[in-house]
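Asks: I have a structure here, written as structure tokens, and I will follow up with some questions on it.
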Amino acid sequence: MAEPQAGRLAHVTDWVFDLDNTLYPARCDLFAEIDMRMTDFVARFLRVEHVEARALQKQYYAEHGTTLKGLMTLHGMAPADFLAHVHEIDLTPLPRCDLLRGAIAGLPGRKFVYTNGSRRHAERVTAHMGLSDLFDGMSGIEDADYHPKPDPRSYDAFCCAHDVAPERAIFFEDMDRNLKPAHQMGFTTVLVRSDKDWSHEPDGARPAGLGDDLGDHIHYVTDDLTDFLATCMADQDKTKRKNT
């Protein structure tokens, strides 16, 4: 389903956004620098060559949800240095988009950022894009005791921290696998997808592309977040007028 039908989102009071390649488009290729910095960190931490470090990085991501979780689980790594290193990136490729700002600002209810990255990363990215003041809260991996999406404990931690009722919330994500637990909890789900494979991850851990078949855990699909949100605003206004 490409866009919401009339009245279908009238129940939504909380708008929840993943960060990387969701709030900003995948074509910015910001993850390329994060990816490279993760490989460097793994190589130094495990004292292995970069080829082996990259293979382990991708294996841990596929099997544990994040490279960070794999390093913590299998090697007892403390997370602070990893998060500080991989997210100190150049943000100049990110756009400042007035249309996206207007679309988010016009949404009725609360807005949140919910990422597998650090909270500092979310704060830096949204500040650079001129969006940070629009959000009622931001949750990073540290706020879920380092349990990453799609681990159900991560979603529980987010909902508890912000008093979010999934049945009254909508969740925007670029990773198909991260929408399955959200759907099971009662979230309305939106897949934000792109024809650019930014991840270079193993099969099953990649973002969904434009030609991929999707499961019934996804309610809506868009390749233009700003346009989708503008449609949501128009739908909410239409429903409100109809009911007054």
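The chains in the structure tokens are called A, B, ... from first to last as shown; in each chain the residues are counted from 1, and the ligands are counted from 1 in the order shown.
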Produce a table with one row for each residue of stretch 63-141 of chain A that has an atom at most 9 Å from any atom of stretch 225-232 of chain A, each row naming the nearest atom pair and its distance in Å at one decimal; use only C-alpha atoms; arrange rows by chain and rising residue number; format as a Markdown table.

Replies:
```
| residue | atom | partner | partner_atom | distance |
| --- | --- | --- | --- | --- |
| A:Leu99 | CA | A:Thr226 | CA | 6.8 |
| A:Leu100 | CA | A:Thr226 | CA | 5.0 |
| A:Arg101 | CA | A:Thr226 | CA | 8.5 |
| A:Gly102 | CA | A:Ala230 | CA | 8.7 |
| A:Ala103 | CA | A:Ala230 | CA | 5.5 |
| A:Ile104 | CA | A:Leu229 | CA | 7.0 |
| A:Gly106 | CA | A:Ala230 | CA | 8.5 |
| A:Leu107 | CA | A:Leu229 | CA | 7.7 |
```

Asks: Store the residues picked out above, limited to C-alpha atoms, as a PDB file, in the first residue's frame.

Replies:
```
ATOM      1  CA  LEU A  99       9.492  20.526   3.501  1.00  0.00           C
ATOM      2  CA  LEU A 100      10.295  17.591   5.803  1.00  0.00           C
ATOM      3  CA  ARG A 101      10.419  19.903   8.805  1.00  0.00           C
ATOM      4  CA  GLY A 102       7.011  21.305   7.930  1.00  0.00           C
ATOM      5  CA  ALA A 103       5.553  17.841   7.418  1.00  0.00           C
ATOM      6  CA  ILE A 104       6.785  16.570  10.805  1.00  0.00           C
ATOM      7  CA  GLY A 106       2.266  19.530  11.254  1.00  0.00           C
ATOM      8  CA  LEU A 107       1.633  16.014  12.527  1.00  0.00           C
TER       9      LEU A 107
END
```

Asks: Within 12 Å of stretch 11-20 of chain A, which residues of stretch 64-131 of chain A come that close, and what is the closest atom pair and distance in Å for each? Count only C-alpha atoms and give it as a Markdown table.

Replies:
```
| residue | atom | partner | partner_atom | distance |
| --- | --- | --- | --- | --- |
| A:His87 | CA | A:Asp20 | CA | 11.3 |
| A:Leu91 | CA | A:Asp20 | CA | 11.9 |
| A:Leu94 | CA | A:Asp20 | CA | 10.7 |
| A:Ala103 | CA | A:Trp15 | CA | 11.9 |
| A:Ile104 | CA | A:Trp15 | CA | 9.0 |
| A:Ala105 | CA | A:Trp15 | CA | 11.1 |
| A:Gly106 | CA | A:Trp15 | CA | 11.5 |
| A:Leu107 | CA | A:Trp15 | CA | 8.1 |
| A:Pro108 | CA | A:Thr13 | CA | 6.7 |
| A:Gly109 | CA | A:Thr13 | CA | 4.7 |
| A:Arg110 | CA | A:Asp14 | CA | 4.8 |
| A:Lys111 | CA | A:Trp15 | CA | 4.7 |
| A:Phe112 | CA | A:Val16 | CA | 4.8 |
| A:Val113 | CA | A:Phe17 | CA | 4.9 |
| A:Tyr114 | CA | A:Asp18 | CA | 5.0 |
| A:Thr115 | CA | A:Asp18 | CA | 5.2 |
| A:Asn116 | CA | A:Asp18 | CA | 8.2 |
| A:Gly117 | CA | A:Leu19 | CA | 8.2 |
| A:Ser118 | CA | A:Leu19 | CA | 10.3 |
| A:Arg119 | CA | A:Leu19 | CA | 10.3 |
| A:Arg120 | CA | A:Leu19 | CA | 11.8 |
| A:His121 | CA | A:Leu19 | CA | 9.1 |
| A:Ala122 | CA | A:Leu19 | CA | 6.8 |
| A:Glu123 | CA | A:Leu19 | CA | 10.1 |
| A:Arg124 | CA | A:Leu19 | CA | 11.0 |
| A:Val125 | CA | A:Leu19 | CA | 8.3 |
| A:Thr126 | CA | A:Leu19 | CA | 8.6 |
| A:Met129 | CA | A:Leu19 | CA | 11.6 |
| A:Leu131 | CA | A:Leu19 | CA | 11.6 |
```

Asks: Mind checking DSSP for chain A and telling me the alpha helix (DSSP H) residues as number ranges by chain?

Replies: A: 31-46, 50-64, 67-75, 79-86, 98-105, 119-128, 152-162, 176-185, 225-242

Asks: Can you tell me, as JSON, numbers by chain, what residues are no more than 9 Å from A:Ala165 when counting only C-alpha atoms, ignoring any on the same chain fewer than 2 positions away?

Replies: {"A": [14, 159, 160, 163, 167, 168, 169, 186, 187]}

Asks: How many Å lie between atom CA of A:Glu33 and atom CA of A:Ile89, rounded to one decimal?

Replies: 6.7 Å

Asks: Pick from A:Ser194, A:Thr189, A:Thr222, A:Thr66: nearest to A:Ile141, with only C-alpha atoms counted?

Replies: A:Thr66

Asks: Looking only at the backbone, which of the residues in stretch 57-210 of chain A does DSSP tag as strand (DSSP E), as a list of chain:residue names?

Replies: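 Matching residues for strand (DSSP E) in stretch 57-210 of chain A are A:Arg110, A:Lys111, A:Phe112, A:Val113, A:Tyr114, A:Gly137, A:Met138, A:Ser139, A:Ala169, A:Ile170, A:Phe171, A:Phe172, A:Glu173, A:Thr188, A:Thr189, A:Val190, A:Leu191, A:Val192.
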
Asks: Take the residues from that selection and write them out as a PDB file, in the first residue's frame, keeping N, CA and C atoms.

Replies:
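So out.pdb came out as:
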```pdb
ATOM      1  N   ARG A 110       2.554  13.343  19.460  1.00  0.00           N
ATOM      2  CA  ARG A 110       3.961  13.357  19.818  1.00  0.00           C
ATOM      3  C   ARG A 110       4.816  12.711  18.726  1.00  0.00           C
ATOM      4  N   LYS A 111       6.096  13.124  18.685  1.00  0.00           N
ATOM      5  CA  LYS A 111       7.022  12.566  17.706  1.00  0.00           C
ATOM      6  C   LYS A 111       8.291  12.103  18.426  1.00  0.00           C
ATOM      7  N   PHE A 112       8.811  10.952  17.998  1.00  0.00           N
ATOM      8  CA  PHE A 112       9.990  10.367  18.630  1.00  0.00           C
ATOM      9  C   PHE A 112      10.967   9.854  17.584  1.00  0.00           C
ATOM     10  N   VAL A 113      12.250   9.843  17.962  1.00  0.00           N
ATOM     11  CA  VAL A 113      13.281   9.139  17.200  1.00  0.00           C
ATOM     12  C   VAL A 113      13.665   7.894  17.990  1.00  0.00           C
ATOM     13  N   TYR A 114      13.739   6.759  17.304  1.00  0.00           N
ATOM     14  CA  TYR A 114      14.036   5.469  17.942  1.00  0.00           C
ATOM     15  C   TYR A 114      15.039   4.747  17.049  1.00  0.00           C
ATOM     16  N   GLY A 137      11.068  13.159  22.249  1.00  0.00           N
ATOM     17  CA  GLY A 137      12.031  12.277  22.884  1.00  0.00           C
ATOM     18  C   GLY A 137      12.835  11.528  21.847  1.00  0.00           C
ATOM     19  N   MET A 138      14.030  11.075  22.254  1.00  0.00           N
ATOM     20  CA  MET A 138      14.893  10.275  21.390  1.00  0.00           C
ATOM     21  C   MET A 138      15.424   9.103  22.191  1.00  0.00           C
ATOM     22  N   SER A 139      15.346   7.909  21.616  1.00  0.00           N
ATOM     23  CA  SER A 139      15.859   6.706  22.257  1.00  0.00           C
ATOM     24  C   SER A 139      16.962   6.103  21.418  1.00  0.00           C
ATOM     25  N   ALA A 169       0.135   4.136  17.795  1.00  0.00           N
ATOM     26  CA  ALA A 169       1.397   4.673  17.285  1.00  0.00           C
ATOM     27  C   ALA A 169       1.684   4.136  15.887  1.00  0.00           C
ATOM     28  N   ILE A 170       2.477   4.901  15.150  1.00  0.00           N
ATOM     29  CA  ILE A 170       2.915   4.504  13.815  1.00  0.00           C
ATOM     30  C   ILE A 170       4.438   4.556  13.797  1.00  0.00           C
ATOM     31  N   PHE A 171       5.052   3.549  13.175  1.00  0.00           N
ATOM     32  CA  PHE A 171       6.503   3.379  13.222  1.00  0.00           C
ATOM     33  C   PHE A 171       7.066   3.362  11.806  1.00  0.00           C
ATOM     34  N   PHE A 172       8.033   4.246  11.548  1.00  0.00           N
ATOM     35  CA  PHE A 172       8.685   4.381  10.238  1.00  0.00           C
ATOM     36  C   PHE A 172      10.079   3.777  10.322  1.00  0.00           C
ATOM     37  N   GLU A 173      10.403   2.856   9.427  1.00  0.00           N
ATOM     38  CA  GLU A 173      11.662   2.110   9.457  1.00  0.00           C
ATOM     39  C   GLU A 173      12.103   1.776   8.041  1.00  0.00           C
ATOM     40  N   THR A 188       1.122   0.521  13.824  1.00  0.00           N
ATOM     41  CA  THR A 188       0.978   0.679  12.384  1.00  0.00           C
ATOM     42  C   THR A 188       2.387   0.830  11.831  1.00  0.00           C
ATOM     43  N   THR A 189       2.710   0.133  10.755  1.00  0.00           N
ATOM     44  CA  THR A 189       4.088   0.091  10.271  1.00  0.00           C
ATOM     45  C   THR A 189       4.221   0.693   8.876  1.00  0.00           C
ATOM     46  N   VAL A 190       5.317   1.432   8.689  1.00  0.00           N
ATOM     47  CA  VAL A 190       5.622   2.033   7.388  1.00  0.00           C
ATOM     48  C   VAL A 190       7.066   1.699   7.031  1.00  0.00           C
ATOM     49  N   LEU A 191       7.258   1.078   5.894  1.00  0.00           N
ATOM     50  CA  LEU A 191       8.599   0.801   5.394  1.00  0.00           C
ATOM     51  C   LEU A 191       9.043   1.941   4.485  1.00  0.00           C
ATOM     52  N   VAL A 192      10.145   2.558   4.842  1.00  0.00           N
ATOM     53  CA  VAL A 192      10.753   3.598   4.011  1.00  0.00           C
ATOM     54  C   VAL A 192      11.882   2.929   3.245  1.00  0.00           C
TER      55      VAL A 192
END
```

Asks: Restricting the calculation to only C-alpha atoms: of A:Asp98, A:Pro93, A:Ala144, A:Asp133, which residue gets closest to A:Ala32?

Replies: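 Ranking A:Asp98, A:Pro93, A:Ala144, A:Asp133 by distance to A:Ala32, first place goes to A:Pro93.
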
Asks: Grab the atom CA of A:Ala157 to atom CA of A:His217 distance for me, in Å with one decimal place.

Replies: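 Distance reported for this atom pair: 20.8 Å.
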
Asks: Could you name the residues that touch A:Phe45 at 12 Å or less, counting only C-alpha atoms, but leaving out those on the same chain fewer than 3 positions away, as a PyMOL selection string?

Replies: chain A and resi 38-42+48-50+53+56-57+68+71-72+75-79+81-82+85

Asks: Considering only C-alpha atoms, can you say which of A:Lys149, A:Pro25, A:Leu9, A:Arg47 comes closest to A:Ala62?

Replies: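 When distances to A:Ala62 are compared using only C-alpha atoms, the smallest one comes from A:Lys149.
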
Asks: To one decimal in Å, tell me the separation between atom CA of A:Arg193 and atom CA of A:Tyr24.

Replies: 11.3 Å
